[in-house]
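Reproduced below: coords-v6.tsv, with TSV, C-alpha atoms.
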chain	number	residue	atom	x	y	z
R	1	MET	CA	-9.36	20.69	-18.93
R	2	ASN	CA	-6.24	18.97	-17.55
R	3	ILE	CA	-6.82	16.61	-14.63
R	4	PRO	CA	-3.79	14.87	-13.08
R	5	LEU	CA	-3.90	11.39	-11.62
R	6	LEU	CA	-2.79	12.93	-8.32
R	7	ASP	CA	-2.23	16.58	-7.39
R	8	LEU	CA	0.34	16.82	-4.60
R	9	LYS	CA	0.79	20.57	-5.05
R	10	GLU	CA	-2.85	21.23	-4.19
R	11	GLN	CA	-2.47	19.33	-0.93
R	12	TYR	CA	0.77	21.14	-0.07
R	13	TYR	CA	-0.75	24.57	-0.64
R	14	ALA	CA	-3.60	23.71	1.73
R	15	ILE	CA	-1.23	22.97	4.64
R	16	LYS	CA	1.81	24.96	3.49
R	17	ASP	CA	2.23	27.09	6.61
R	18	GLU	CA	2.11	24.07	8.92
R	19	VAL	CA	4.51	22.02	6.80
R	20	ASP	CA	6.97	24.87	6.37
R	21	ALA	CA	6.95	25.55	10.11
R	22	ALA	CA	7.53	21.86	10.88
R	23	ILE	CA	10.50	21.68	8.51
R	24	GLU	CA	11.96	24.89	9.92
R	25	GLY	CA	11.56	23.51	13.43
R	26	VAL	CA	13.64	20.45	12.59
R	27	LEU	CA	16.32	22.53	10.91
R	28	GLU	CA	16.53	24.81	13.92
R	29	SER	CA	16.67	21.85	16.34
R	30	GLY	CA	19.74	20.34	14.69
R	31	GLN	CA	18.23	16.91	15.43
R	32	PHE	CA	17.90	14.86	12.23
R	33	ILE	CA	18.09	11.13	13.04
R	34	ILE	CA	15.47	9.37	15.21
R	35	GLY	CA	14.59	12.46	17.18
R	36	SER	CA	11.39	13.70	18.78
R	37	GLN	CA	9.48	13.89	15.48
R	38	VAL	CA	10.13	10.23	14.62
R	39	LYS	CA	9.26	9.11	18.14
R	40	ALA	CA	6.04	11.13	18.13
R	41	LEU	CA	5.00	9.66	14.78
R	42	GLU	CA	5.80	6.11	15.91
R	43	HIS	CA	3.66	6.62	19.02
R	44	ASP	CA	0.74	8.11	17.10
R	45	ILE	CA	0.74	5.54	14.29
R	46	ALA	CA	0.92	2.65	16.77
R	47	SER	CA	-2.02	4.12	18.69
R	48	TYR	CA	-3.97	4.73	15.49
R	49	VAL	CA	-3.50	1.19	14.19
R	50	GLY	CA	-4.15	-0.30	17.61
R	51	VAL	CA	-0.82	-1.95	18.37
R	52	PRO	CA	1.87	-1.20	20.97
R	53	TYR	CA	4.87	-0.80	18.66
R	54	ALA	CA	5.80	1.14	15.52
R	55	ILE	CA	9.26	1.44	13.95
R	56	GLY	CA	10.05	4.15	11.41
R	57	VAL	CA	12.27	3.03	8.52
R	58	GLY	CA	13.63	4.37	5.25
R	59	ASN	CA	10.83	3.23	2.91
R	60	GLY	CA	8.05	0.69	2.44
R	61	THR	CA	10.31	-1.88	0.80
R	62	ASP	CA	12.78	-1.77	3.68
R	63	ALA	CA	9.82	-2.13	6.02
R	64	LEU	CA	8.91	-5.43	4.34
R	65	VAL	CA	12.50	-6.71	4.29
R	66	ILE	CA	13.13	-5.82	7.92
R	67	ALA	CA	9.77	-7.21	9.03
R	68	LEU	CA	10.50	-10.52	7.29
R	69	ARG	CA	13.88	-10.80	8.97
R	70	ALA	CA	12.46	-9.75	12.34
R	71	CYS	CA	9.93	-12.57	11.94
R	72	GLY	CA	12.74	-15.05	11.32
R	73	ILE	CA	12.18	-15.55	7.59
R	74	GLY	CA	15.29	-16.36	5.54
R	75	PRO	CA	17.00	-18.71	3.08
R	76	GLY	CA	15.13	-21.92	2.31
R	77	ASP	CA	11.78	-20.54	3.45
R	78	GLU	CA	8.70	-20.01	1.27
R	79	VAL	CA	6.39	-17.02	1.63
R	80	ILE	CA	2.95	-16.86	0.02
R	81	THR	CA	1.80	-13.59	-1.52
R	82	SER	CA	-0.19	-12.06	-4.36
R	83	PRO	CA	1.01	-11.80	-7.98
R	84	PHE	CA	-1.05	-8.63	-8.50
R	85	THR	CA	0.80	-5.95	-6.57
R	86	PHE	CA	3.87	-3.73	-6.74
R	87	PHE	CA	7.12	-5.65	-7.22
R	88	ALA	CA	8.39	-4.88	-3.70
R	89	SER	CA	5.86	-7.27	-2.14
R	90	ALA	CA	7.73	-10.21	-3.68
R	91	GLU	CA	11.14	-8.55	-4.03
R	92	SER	CA	11.38	-8.24	-0.25
R	93	ILE	CA	10.88	-12.01	0.08
R	94	SER	CA	13.70	-12.63	-2.37
R	95	ALA	CA	15.88	-10.05	-0.63
R	96	VAL	CA	15.95	-12.13	2.56
R	97	GLY	CA	16.77	-15.30	0.61
R	98	ALA	CA	13.29	-16.81	0.73
R	99	LYS	CA	11.11	-17.93	-2.18
R	100	PRO	CA	7.90	-16.14	-3.15
R	101	VAL	CA	4.94	-18.42	-3.84
R	102	PHE	CA	2.07	-16.77	-5.69
R	103	VAL	CA	-1.65	-17.31	-5.16
R	104	ASP	CA	-4.22	-15.88	-7.58
R	105	ILE	CA	-6.47	-13.00	-6.62
R	106	ASP	CA	-10.16	-12.58	-5.95
R	107	PRO	CA	-11.36	-10.93	-9.20
R	108	ASP	CA	-13.65	-8.53	-7.32
R	109	THR	CA	-11.33	-7.13	-4.62
R	110	PHE	CA	-8.00	-7.72	-6.47
R	111	ASN	CA	-6.62	-9.09	-3.17
R	112	ILE	CA	-5.20	-12.57	-2.62
R	113	ASP	CA	-7.89	-15.26	-2.71
R	114	ALA	CA	-7.73	-16.78	0.76
R	115	SER	CA	-9.58	-19.90	-0.40
R	116	LYS	CA	-6.61	-20.83	-2.61
R	117	ILE	CA	-3.83	-20.35	-0.06
R	118	GLU	CA	-3.86	-23.74	1.67
R	119	GLN	CA	-3.25	-25.70	-1.53
R	120	THR	CA	0.11	-23.94	-1.96
R	121	ILE	CA	1.40	-24.63	1.55
R	122	THR	CA	4.43	-26.94	1.74
R	123	PRO	CA	6.73	-28.01	4.59
R	124	ARG	CA	8.90	-25.00	3.71
R	125	THR	CA	6.12	-22.42	3.96
R	126	ARG	CA	6.83	-20.01	6.80
R	127	ALA	CA	4.73	-16.92	6.17
R	128	ILE	CA	1.95	-15.18	4.25
R	129	ILE	CA	2.13	-11.60	3.00
R	130	PRO	CA	-1.41	-10.46	2.19
R	131	VAL	CA	-1.44	-7.18	0.27
R	132	HIS	CA	-4.21	-4.68	1.00
R	133	LEU	CA	-4.34	-3.43	-2.57
R	134	PHE	CA	-5.61	-0.02	-3.67
R	135	GLY	CA	-6.78	0.76	-0.11
R	136	GLN	CA	-8.99	-2.27	0.60
R	137	THR	CA	-8.05	-4.99	3.08
R	138	ALA	CA	-7.68	-8.65	2.23
R	139	ASP	CA	-9.93	-11.19	3.99
R	140	MET	CA	-7.93	-11.24	7.21
R	141	ASP	CA	-10.10	-13.60	9.28
R	142	ALA	CA	-9.69	-16.34	6.70
R	143	ILE	CA	-5.96	-15.66	6.32
R	144	MET	CA	-5.29	-15.62	10.06
R	145	ASP	CA	-7.25	-18.88	10.49
R	146	ILE	CA	-5.02	-20.55	7.89
R	147	ALA	CA	-1.90	-19.11	9.50
R	148	ARG	CA	-2.84	-20.40	12.94
R	149	LYS	CA	-3.71	-23.83	11.54
R	150	HIS	CA	-0.31	-24.17	9.83
R	151	ASP	CA	1.80	-22.16	12.31
R	152	LEU	CA	2.68	-19.45	9.79
R	153	MET	CA	3.74	-15.85	10.29
R	154	VAL	CA	1.57	-13.13	8.73
R	155	ILE	CA	3.08	-9.85	7.58
R	156	GLU	CA	0.50	-7.42	6.22
R	157	ASP	CA	1.61	-5.35	3.25
R	158	ALA	CA	-0.49	-2.32	4.15
R	159	CYS	CA	1.61	0.11	2.12
R	160	GLN	CA	-1.51	1.30	0.25
R	161	ALA	CA	-3.90	1.02	3.18
R	162	MET	CA	-3.16	3.51	5.97
R	163	GLY	CA	-6.57	4.01	7.59
R	164	ALA	CA	-8.37	1.15	5.82
R	165	GLU	CA	-10.41	-1.17	8.02
R	166	TYR	CA	-11.48	-4.80	8.18
R	167	LYS	CA	-14.61	-5.41	10.25
R	168	GLY	CA	-13.98	-2.19	12.16
R	169	LYS	CA	-10.29	-2.84	12.91
R	170	LYS	CA	-7.46	-0.96	11.23
R	171	ALA	CA	-5.29	-2.54	8.56
R	172	GLY	CA	-2.02	-3.48	10.20
R	173	SER	CA	-3.52	-4.77	13.44
R	174	PHE	CA	-4.02	-8.41	12.41
R	175	GLY	CA	-0.67	-9.95	11.49
R	176	HIS	CA	2.49	-10.57	13.47
R	177	ALA	CA	3.75	-7.40	11.77
R	178	ALA	CA	2.55	-4.95	9.14
R	179	CYS	CA	4.26	-2.51	6.84
R	180	PHE	CA	3.33	0.97	5.61
R	181	SER	CA	4.85	3.22	2.96
R	182	PHE	CA	5.05	6.99	3.12
R	183	PHE	CA	5.94	7.37	-0.56
R	184	PRO	CA	4.67	10.76	-1.79
R	185	THR	CA	1.66	9.30	-3.65
R	186	LYS	CA	0.32	7.37	-0.65
R	187	ASN	CA	-2.74	8.55	1.31
R	188	LEU	CA	-0.28	9.53	4.03
R	189	GLY	CA	2.87	10.47	2.13
R	190	THR	CA	5.94	12.56	2.74
R	191	TYR	CA	8.07	14.49	0.24
R	192	GLY	CA	10.45	11.62	-0.38
R	193	ASP	CA	10.75	8.05	0.88
R	194	GLY	CA	9.66	6.74	4.25
R	195	GLY	CA	8.13	3.64	5.80
R	196	MET	CA	6.98	2.07	9.05
R	197	ILE	CA	6.61	-1.37	10.63
R	198	VAL	CA	3.95	-1.97	13.26
R	199	THR	CA	3.64	-4.99	15.53
R	200	SER	CA	2.08	-6.27	18.72
R	201	GLU	CA	5.08	-8.44	19.56
R	202	ALA	CA	7.94	-7.09	21.67
R	203	ASP	CA	10.58	-9.40	20.17
R	204	ILE	CA	9.71	-8.33	16.61
R	205	ASP	CA	9.87	-4.70	17.69
R	206	LYS	CA	13.30	-5.22	19.27
R	207	LYS	CA	14.72	-7.02	16.22
R	208	ALA	CA	13.29	-4.48	13.78
R	209	ARG	CA	14.83	-1.57	15.72
R	210	MET	CA	18.17	-3.31	15.66
R	211	LEU	CA	17.96	-4.14	11.97
R	212	ARG	CA	17.13	-0.57	10.93
R	213	ALA	CA	20.31	0.66	12.67
R	214	HIS	CA	23.08	-1.70	11.49
R	215	GLY	CA	21.98	-4.53	13.81
R	216	SER	CA	22.79	-2.46	16.85
R	217	THR	CA	21.13	-1.41	20.09
R	218	ARG	CA	24.26	0.30	21.43
R	219	LYS	CA	26.39	2.60	19.31
R	220	TYR	CA	29.35	0.73	17.76
R	221	TYR	CA	28.21	-2.65	19.17
R	222	HIS	CA	26.49	-4.85	16.58
R	223	GLU	CA	24.60	-8.05	17.30
R	224	MET	CA	23.63	-8.85	13.71
R	225	ILE	CA	24.08	-7.65	10.14
R	226	GLY	CA	21.46	-4.98	9.61
R	227	TYR	CA	20.69	-1.97	7.42
R	228	ASN	CA	20.93	1.78	7.47
R	229	SER	CA	17.20	2.39	7.15
R	230	ARG	CA	15.85	5.01	9.49
R	231	LEU	CA	12.93	7.35	8.91
R	232	ASP	CA	14.38	10.86	8.59
R	233	GLU	CA	13.37	13.44	11.17
R	234	LEU	CA	12.39	15.88	8.42
R	235	HIS	CA	10.03	13.37	6.84
R	236	ALA	CA	8.57	12.52	10.24
R	237	ALA	CA	7.87	16.20	10.89
R	238	ILE	CA	6.01	16.49	7.57
R	239	LEU	CA	4.08	13.31	8.32
R	240	ASN	CA	3.14	14.54	11.80
R	241	VAL	CA	1.45	17.52	10.14
R	242	LYS	CA	-0.29	15.41	7.50
R	243	PHE	CA	-1.36	12.69	9.92
R	244	LYS	CA	-3.84	15.07	11.56
R	245	TYR	CA	-5.72	15.24	8.26
R	246	LEU	CA	-5.54	11.56	7.25
R	247	ASP	CA	-9.06	10.50	8.25
R	248	GLN	CA	-10.54	13.66	6.72
R	249	TRP	CA	-8.65	13.06	3.48
R	250	ASN	CA	-9.72	9.41	3.40
R	251	ASP	CA	-13.35	10.48	3.88
R	252	MET	CA	-12.96	12.87	0.94
R	253	ARG	CA	-11.59	10.03	-1.18
R	254	ARG	CA	-14.59	7.87	-0.31
R	255	HIS	CA	-16.91	10.76	-1.15
R	256	ASN	CA	-15.24	11.17	-4.54
R	257	ALA	CA	-15.44	7.42	-5.15
R	258	LYS	CA	-19.21	7.52	-4.57
R	259	ILE	CA	-19.53	10.31	-7.12
R	260	TYR	CA	-17.55	8.26	-9.63
R	261	ASP	CA	-19.67	5.17	-8.89
R	262	GLY	CA	-22.88	7.03	-9.60
R	263	LEU	CA	-21.67	8.78	-12.73
R	264	LEU	CA	-20.08	5.65	-14.24
R	265	LYS	CA	-23.12	3.47	-13.71
R	266	ASP	CA	-24.29	1.87	-16.95
R	267	THR	CA	-21.28	3.11	-18.93
R	268	GLY	CA	-19.95	-0.36	-19.63
R	269	VAL	CA	-16.94	-0.07	-17.32
R	270	THR	CA	-16.65	-1.98	-14.05
R	271	VAL	CA	-16.31	0.28	-11.00
R	272	PRO	CA	-14.37	-0.80	-7.89
R	273	TYR	CA	-15.99	-3.38	-5.63
R	274	THR	CA	-16.02	-2.89	-1.88
R	275	ALA	CA	-16.28	-6.08	0.19
R	276	PRO	CA	-18.91	-6.07	3.00
R	277	TYR	CA	-16.15	-6.35	5.60
R	278	ALA	CA	-14.07	-3.46	4.27
R	279	LYS	CA	-13.74	0.26	4.83
R	280	HIS	CA	-12.06	1.26	1.58
R	281	ILE	CA	-9.75	4.30	1.50
R	282	TYR	CA	-9.30	4.43	-2.30
R	283	HIS	CA	-5.57	4.83	-2.57
R	284	GLN	CA	-6.49	4.25	-6.20
R	285	TYR	CA	-9.89	4.34	-7.90
R	286	VAL	CA	-9.50	1.51	-10.41
R	287	ILE	CA	-12.05	0.70	-13.09
R	288	GLN	CA	-11.98	-2.23	-15.52
R	289	CYS	CA	-12.80	-2.20	-19.21
R	290	ASP	CA	-12.18	-4.35	-22.28
R	291	ASP	CA	-10.19	-1.80	-24.33
R	292	ARG	CA	-8.15	-0.40	-21.44
R	293	ASP	CA	-5.30	0.96	-23.53
R	294	GLY	CA	-7.64	2.55	-26.03
R	295	LEU	CA	-9.61	4.26	-23.28
R	296	ALA	CA	-6.43	5.48	-21.59
R	297	ALA	CA	-5.15	7.01	-24.83
R	298	ALA	CA	-8.49	8.67	-25.54
R	299	LEU	CA	-8.70	10.12	-22.03
R	300	LYS	CA	-5.14	11.42	-22.32
R	301	ALA	CA	-6.18	13.27	-25.49
R	302	LYS	CA	-8.90	14.94	-23.43
R	303	GLY	CA	-6.45	15.99	-20.70
R	304	VAL	CA	-7.28	13.23	-18.22
R	305	ALA	CA	-4.32	11.39	-16.69
R	306	THR	CA	-4.73	7.69	-15.88
R	307	GLY	CA	-2.48	4.93	-14.58
R	308	VAL	CA	-2.10	1.19	-15.05
R	309	TYR	CA	-1.51	-0.64	-11.77
R	310	TYR	CA	-0.19	-3.14	-12.85
R	311	PRO	CA	0.54	-4.09	-16.49
R	312	LEU	CA	2.31	-7.42	-15.80
R	313	PRO	CA	1.72	-9.77	-12.86
R	314	LEU	CA	4.68	-10.72	-10.72
R	315	HIS	CA	4.69	-14.41	-11.65
R	316	LEU	CA	5.37	-13.42	-15.30
R	317	GLN	CA	8.13	-10.90	-14.56
R	318	ASP	CA	11.57	-11.69	-16.02
R	319	ALA	CA	13.04	-11.53	-12.52
R	320	TYR	CA	10.98	-14.60	-11.57
R	321	LYS	CA	11.49	-16.77	-14.65
R	322	ASP	CA	13.32	-19.31	-12.53
R	323	LEU	CA	10.17	-20.00	-10.48
R	324	GLY	CA	8.63	-21.71	-13.51
R	325	TYR	CA	5.28	-19.94	-13.66
R	326	LYS	CA	3.61	-19.54	-17.05
R	327	ARG	CA	0.75	-17.54	-18.52
R	328	GLY	CA	-2.52	-19.09	-17.46
R	329	ASP	CA	-1.33	-20.06	-13.97
R	330	MET	CA	-2.98	-16.99	-12.36
R	331	PRO	CA	-5.91	-16.23	-14.67
R	332	TYR	CA	-7.59	-13.57	-12.54
R	333	ALA	CA	-4.38	-11.63	-11.93
R	334	GLU	CA	-3.52	-11.84	-15.61
R	335	ALA	CA	-6.98	-10.64	-16.63
R	336	ALA	CA	-6.78	-7.73	-14.19
R	337	CYS	CA	-3.45	-6.65	-15.67
R	338	ASP	CA	-5.15	-6.39	-19.08
R	339	ARG	CA	-8.25	-4.52	-17.86
R	340	VAL	CA	-7.45	-2.18	-14.94
R	341	LEU	CA	-7.20	1.59	-15.29
R	342	ALA	CA	-6.79	4.03	-12.39
R	343	MET	CA	-8.74	7.27	-12.58
R	344	PRO	CA	-7.73	10.60	-11.03
R	345	MET	CA	-8.25	10.26	-7.27
R	346	TYR	CA	-7.21	12.59	-4.48
R	347	PRO	CA	-9.00	14.43	-1.66
R	348	GLU	CA	-8.93	17.79	-3.42
R	349	LEU	CA	-10.53	16.47	-6.61
R	350	GLU	CA	-13.66	18.52	-7.30
R	351	ARG	CA	-17.04	17.29	-8.48
R	352	HIS	CA	-16.87	19.12	-11.81
R	353	GLN	CA	-13.56	17.38	-12.53
R	354	ILE	CA	-15.06	13.97	-11.77
R	355	GLU	CA	-18.02	14.83	-13.98
R	356	TYR	CA	-15.64	15.77	-16.79
R	357	VAL	CA	-13.84	12.42	-16.47
R	358	ALA	CA	-17.11	10.46	-16.33
R	359	ASP	CA	-18.60	12.35	-19.29
R	360	ALA	CA	-15.46	11.65	-21.31
R	361	ILE	CA	-15.64	7.93	-20.48
R	362	ARG	CA	-19.34	7.79	-21.37
R	363	GLU	CA	-18.70	9.51	-24.70
R	364	LEU	CA	-15.74	7.32	-25.57
R	365	ILE	CA	-17.52	4.09	-24.65
R	366	ARG	CA	-20.55	5.13	-26.71
R	367	LYS	CA	-18.37	5.84	-29.75
R	368	GLY	CA	-16.77	2.44	-29.31

Could I get this file's structure written as structure tokens?
Amino acid sequence: MNIPLLDLKEQYYAIKDEVDAAIEGVLESGQFIIGSQVKALEHDIASYVGVPYAIGVGNGTDALVIALRACGIGPGDEVITSPFTFFASAESISAVGAKPVFVDIDPDTFNIDASKIEQTITPRTRAIIPVHLFGQTADMDAIMDIARKHDLMVIEDACQAMGAEYKGKKAGSFGHAACFSFFPTKNLGTYGDGGMIVTSEADIDKKARMLRAHGSTRKYYHEMIGYNSRLDELHAAILNVKFKYLDQWNDMRRHNAKIYDGLLKDTGVTVPYTAPYAKHIYHQYVIQCDDRDGLAAALKAKGVATGVYYPLPLHLQDAYKDLGYKRGDMPYAEAACDRVLAMPMYPELERHQIEYVADAIRELIRKG
């Protein structure tokens, strides 16, 4: 049996007629840049998250960069974030001229440990970027309390968390701004790149809209240096089709995660932890084990695809040598990088496939 980490073809076939019709509709309209499809998606995502504003942009990384600038973050500033995440979470900070400051993770949730944030705050600290990793929110009450106490901006990196909840509220509704990615592998993904910023603040919305369109609100009149980063109408049309199914797909992911949890019990691997405050959407189903690389190779031999998110924490990346971090500075993030392994996870995954994966893990662990 061959089981992919993610099967995008299966999802496409299930909604093919709707997607094809949406694409054809855009082509026939002749409207390709910030048209009715983008505006409809912005309205629906804002309503879904529970905020008044949403701004479609070119990708999740641009969303972070533009959100930082719209929040006034720039050269000389420091921004606190997690070392256990995709590179863009820190890269975006560097891209606006600010300095990323890393705080170790909670070993259970993999998210930034809010109890360690305050000790890293300096007079130059201007913002916190909590990352809602793998589809589970960070501890937002604690983070927002710290931000209010120290007058800091909060930009949620919710690129893996569309539909996740914290104490009944959607990811993206807590900070001054939040960012989503529509990369194809995301729970809500298009067939290419796409991203979105959401916010409750009118001035951030205004600045973000200007920044995505060359710093302009009127054609050929530019108030600041911006970017060419607009969500394409074609991608918005695809996302408008998929968005109708998002909650259903997330429920299916949670259902599959429960099956995994039950089947992997007492196998010797550590299954994902869900915090009491969280509604997890399982962008990834990530287990932990001592011989991660050995297990991955053995599963590959049995036709099971796996993924390592992430093999090296950000504070040890060559790009951040100049920050002076060393191995041992973030022990929980470093340990996670050595132990995590993502299992196949997507809504269309069937029980017999999960059973095959779990049986293979049980057999391999038993053999040692």

Practice item. Have a look at R:Ile121, R:Leu299, R:Ile128, R:Ile3 and name the one nearest to His352 (chain R); count all atoms listed in the file. Key: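 Nearest to His352 (chain R): R:Ile3.
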
Exercise for review: Select, from R:Ala14, R:Ala21, R:Leu188, R:Ile365, the residue with the minimum atom-to-atom distance to Ala164 (chain R), counting only C-alpha atoms.
Suggested key: R:Leu188

Exercise for review: Name the residues in contact with Phe32 (chain R) at a cut-off of 9 Å, using only C-alpha atoms, excluding same-chain residues fewer than 4 positions from it; report them as a PyMOL selection string.
Suggested key: chain R and resi 26-27+232-234

Exercise for review: Tell me which protein, DNA and RNA residues are within 7 Å of Val79 (chain R), counting only C-alpha atoms, leaving out same-chain ones fewer than 5 positions away, and put them as a list in words.
Suggested key: Ile93, Ala98, Lys99, Pro100, Val101, Thr125, Arg126, Ala127 and Ile128 of chain R

Store the residues of this selection in a file with C-alpha atoms, as a short mmCIF file (atom, residue, chain, number, x, y, z; two decimals), in the frame of the given file.
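again15.cif, written as the output of this step:
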data_model
loop_
_atom_site.label_atom_id
_atom_site.label_comp_id
_atom_site.auth_asym_id
_atom_site.auth_seq_id
_atom_site.Cartn_x
_atom_site.Cartn_y
_atom_site.Cartn_z
CA ILE R 93 10.88 -12.01 0.08
CA ALA R 98 13.29 -16.81 0.73
CA LYS R 99 11.11 -17.93 -2.18
CA PRO R 100 7.90 -16.14 -3.15
CA VAL R 101 4.94 -18.42 -3.84
CA THR R 125 6.12 -22.42 3.96
CA ARG R 126 6.83 -20.01 6.80
CA ALA R 127 4.73 -16.92 6.17
CA ILE R 128 1.95 -15.18 4.25
#

Pull the closest atom pair for each residue of region 243-292 of chain R that gets at most 9 Å from region 325-338 of chain R, along with the distance in Å to one decimal, counting all atoms listed in the file, ordering rows by chain and then ascending residue number, as JSON lines.
{"residue": "R:Gln288", "atom": "CA", "partner": "R:Ala336", "partner_atom": "CA", "distance": 7.7}
{"residue": "R:Cys289", "atom": "CA", "partner": "R:Asp338", "partner_atom": "CA", "distance": 8.7}
{"residue": "R:Asp290", "atom": "CA", "partner": "R:Asp338", "partner_atom": "CA", "distance": 8.0}
{"residue": "R:Asp291", "atom": "CA", "partner": "R:Asp338", "partner_atom": "CA", "distance": 8.6}
{"residue": "R:Arg292", "atom": "CA", "partner": "R:Asp338", "partner_atom": "CA", "distance": 7.1}

Exercise for review: Counting all atoms listed in the file, figure out which residue out of R:Ala319, R:Ala178, R:Ala208, R:Ile361 gets nearest to Ala301 (chain R).
Suggested key: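 When distances to Ala301 (chain R) are compared using all atoms listed in the file, the smallest one comes from R:Ile361.
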
**Study point:** Shortest interatomic distance to Pro184 (chain R) - which of R:Met1, R:Leu295, R:Cys159, R:Val38, counting all atoms listed in the file
**Key:**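 The shortest atom-to-atom distance to Pro184 (chain R) comes from R:Cys159.
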
Practice item. Write out as a PyMOL selection string the residues lying within 9 Å of Val286 (chain R), counting only C-alpha atoms and excluding same-chain residues fewer than 6 positions away. Key: chain R and resi 134+270-272+307-309+340-343

I'd like a table as JSON lines: residues in region 154-176 of chain R with an atom no more than 12 Å from region 189-197 of chain R, each row giving the shortest atom pair and its distance in Å to one decimal, all atoms listed in the file counted, sorted by chain and rising residue number.
{"residue": "R:Ile155", "atom": "CA", "partner": "R:Ile197", "partner_atom": "CA", "distance": 9.7}
{"residue": "R:Glu156", "atom": "CA", "partner": "R:Ile197", "partner_atom": "CA", "distance": 9.7}
{"residue": "R:Asp157", "atom": "CA", "partner": "R:Ile197", "partner_atom": "CA", "distance": 9.8}
{"residue": "R:Ala158", "atom": "CA", "partner": "R:Ile197", "partner_atom": "CA", "distance": 9.7}
{"residue": "R:Cys159", "atom": "CA", "partner": "R:Gly195", "partner_atom": "CA", "distance": 8.3}
{"residue": "R:Gln160", "atom": "CA", "partner": "R:Gly189", "partner_atom": "CA", "distance": 10.3}
{"residue": "R:Ala161", "atom": "CA", "partner": "R:Gly189", "partner_atom": "CA", "distance": 11.7}
{"residue": "R:Met162", "atom": "CA", "partner": "R:Gly189", "partner_atom": "CA", "distance": 10.0}
{"residue": "R:Gly172", "atom": "CA", "partner": "R:Ile197", "partner_atom": "CA", "distance": 8.9}
{"residue": "R:Ser173", "atom": "CA", "partner": "R:Ile197", "partner_atom": "CA", "distance": 11.0}
{"residue": "R:Gly175", "atom": "CA", "partner": "R:Ile197", "partner_atom": "CA", "distance": 11.3}
{"residue": "R:His176", "atom": "CA", "partner": "R:Ile197", "partner_atom": "CA", "distance": 10.5}

Practice item. Using all atoms listed in the file, find the one residue out of R:Lys39, R:Gly303, R:Arg69, R:Arg362 that sits nearest to Gly268 (chain R). Key: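 Smallest distance to Gly268 (chain R) is found for R:Arg362.
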
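Going from CA of Asp44 (chain R) over to CA of Asp141 (chain R), you cover 25.5 Å.
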
Check your understanding: So, counting only C-alpha atoms, which residue among R:Ser36, R:Asn2, R:Gln11, R:Gln136 is closest to Trp249 (chain R)?
Key -> R:Gln11

Check your understanding: Hey, what's within 10 Å of Tyr320 (chain R) if we count all atoms listed in the file and toss same-chain stuff fewer than 4 positions away? As a list in words, please?
Key ->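 So, after excluding close chain neighbours, the residues are Ala90, Glu91, Ser94, Lys99, Pro100, Leu314, His315, Leu316, Gly324 and Tyr325 of chain R.
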
Just to be explicit: take each residue in the selection above, keep C-alpha atoms, and write the result as a PDB file, in the frame of the given file.
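After the write, result13.pdb holds the following:
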ATOM      1  CA  ALA R  90       7.730 -10.210  -3.680  1.00  0.00           C
ATOM      2  CA  GLU R  91      11.140  -8.550  -4.030  1.00  0.00           C
ATOM      3  CA  SER R  94      13.700 -12.630  -2.370  1.00  0.00           C
ATOM      4  CA  LYS R  99      11.110 -17.930  -2.180  1.00  0.00           C
ATOM      5  CA  PRO R 100       7.900 -16.140  -3.150  1.00  0.00           C
ATOM      6  CA  LEU R 314       4.680 -10.720 -10.720  1.00  0.00           C
ATOM      7  CA  HIS R 315       4.690 -14.410 -11.650  1.00  0.00           C
ATOM      8  CA  LEU R 316       5.370 -13.420 -15.300  1.00  0.00           C
ATOM      9  CA  GLY R 324       8.630 -21.710 -13.510  1.00  0.00           C
ATOM     10  CA  TYR R 325       5.280 -19.940 -13.660  1.00  0.00           C
TER      11      TYR R 325
END

**Study point:** Length of the CA of Ala46 (chain R) to CA of Lys170 (chain R) vector [Å]
**Key:**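 CA of Lys170 (chain R) lies 10.7 Å from CA of Ala46 (chain R).
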
Would you fill the gaps in region 241-248 of chain R so it has N, CA and C atoms, then print it as a PDB file, in the frame of the given file?
ATOM      1  N   VAL R 241       2.426  16.523  10.574  1.00  0.00           N
ATOM      2  CA  VAL R 241       1.450  17.520  10.140  1.00  0.00           C
ATOM      3  C   VAL R 241       0.333  16.842   9.353  1.00  0.00           C
ATOM      4  N   LYS R 242       0.707  16.029   8.386  1.00  0.00           N
ATOM      5  CA  LYS R 242      -0.290  15.410   7.500  1.00  0.00           C
ATOM      6  C   LYS R 242      -1.177  14.404   8.238  1.00  0.00           C
ATOM      7  N   PHE R 243      -0.617  13.729   9.222  1.00  0.00           N
ATOM      8  CA  PHE R 243      -1.360  12.690   9.920  1.00  0.00           C
ATOM      9  C   PHE R 243      -2.653  13.214  10.531  1.00  0.00           C
ATOM     10  N   LYS R 244      -2.648  14.466  10.963  1.00  0.00           N
ATOM     11  CA  LYS R 244      -3.840  15.070  11.560  1.00  0.00           C
ATOM     12  C   LYS R 244      -5.008  15.118  10.577  1.00  0.00           C
ATOM     13  N   TYR R 245      -4.701  15.104   9.294  1.00  0.00           N
ATOM     14  CA  TYR R 245      -5.720  15.240   8.260  1.00  0.00           C
ATOM     15  C   TYR R 245      -6.075  13.911   7.588  1.00  0.00           C
ATOM     16  N   LEU R 246      -5.410  12.824   7.981  1.00  0.00           N
ATOM     17  CA  LEU R 246      -5.540  11.560   7.250  1.00  0.00           C
ATOM     18  C   LEU R 246      -6.990  11.089   7.160  1.00  0.00           C
ATOM     19  N   ASP R 247      -7.687  11.010   8.278  1.00  0.00           N
ATOM     20  CA  ASP R 247      -9.060  10.500   8.250  1.00  0.00           C
ATOM     21  C   ASP R 247      -9.959  11.409   7.411  1.00  0.00           C
ATOM     22  N   GLN R 248      -9.764  12.713   7.526  1.00  0.00           N
ATOM     23  CA  GLN R 248     -10.540  13.660   6.720  1.00  0.00           C
ATOM     24  C   GLN R 248     -10.275  13.439   5.239  1.00  0.00           C
TER      25      GLN R 248
END
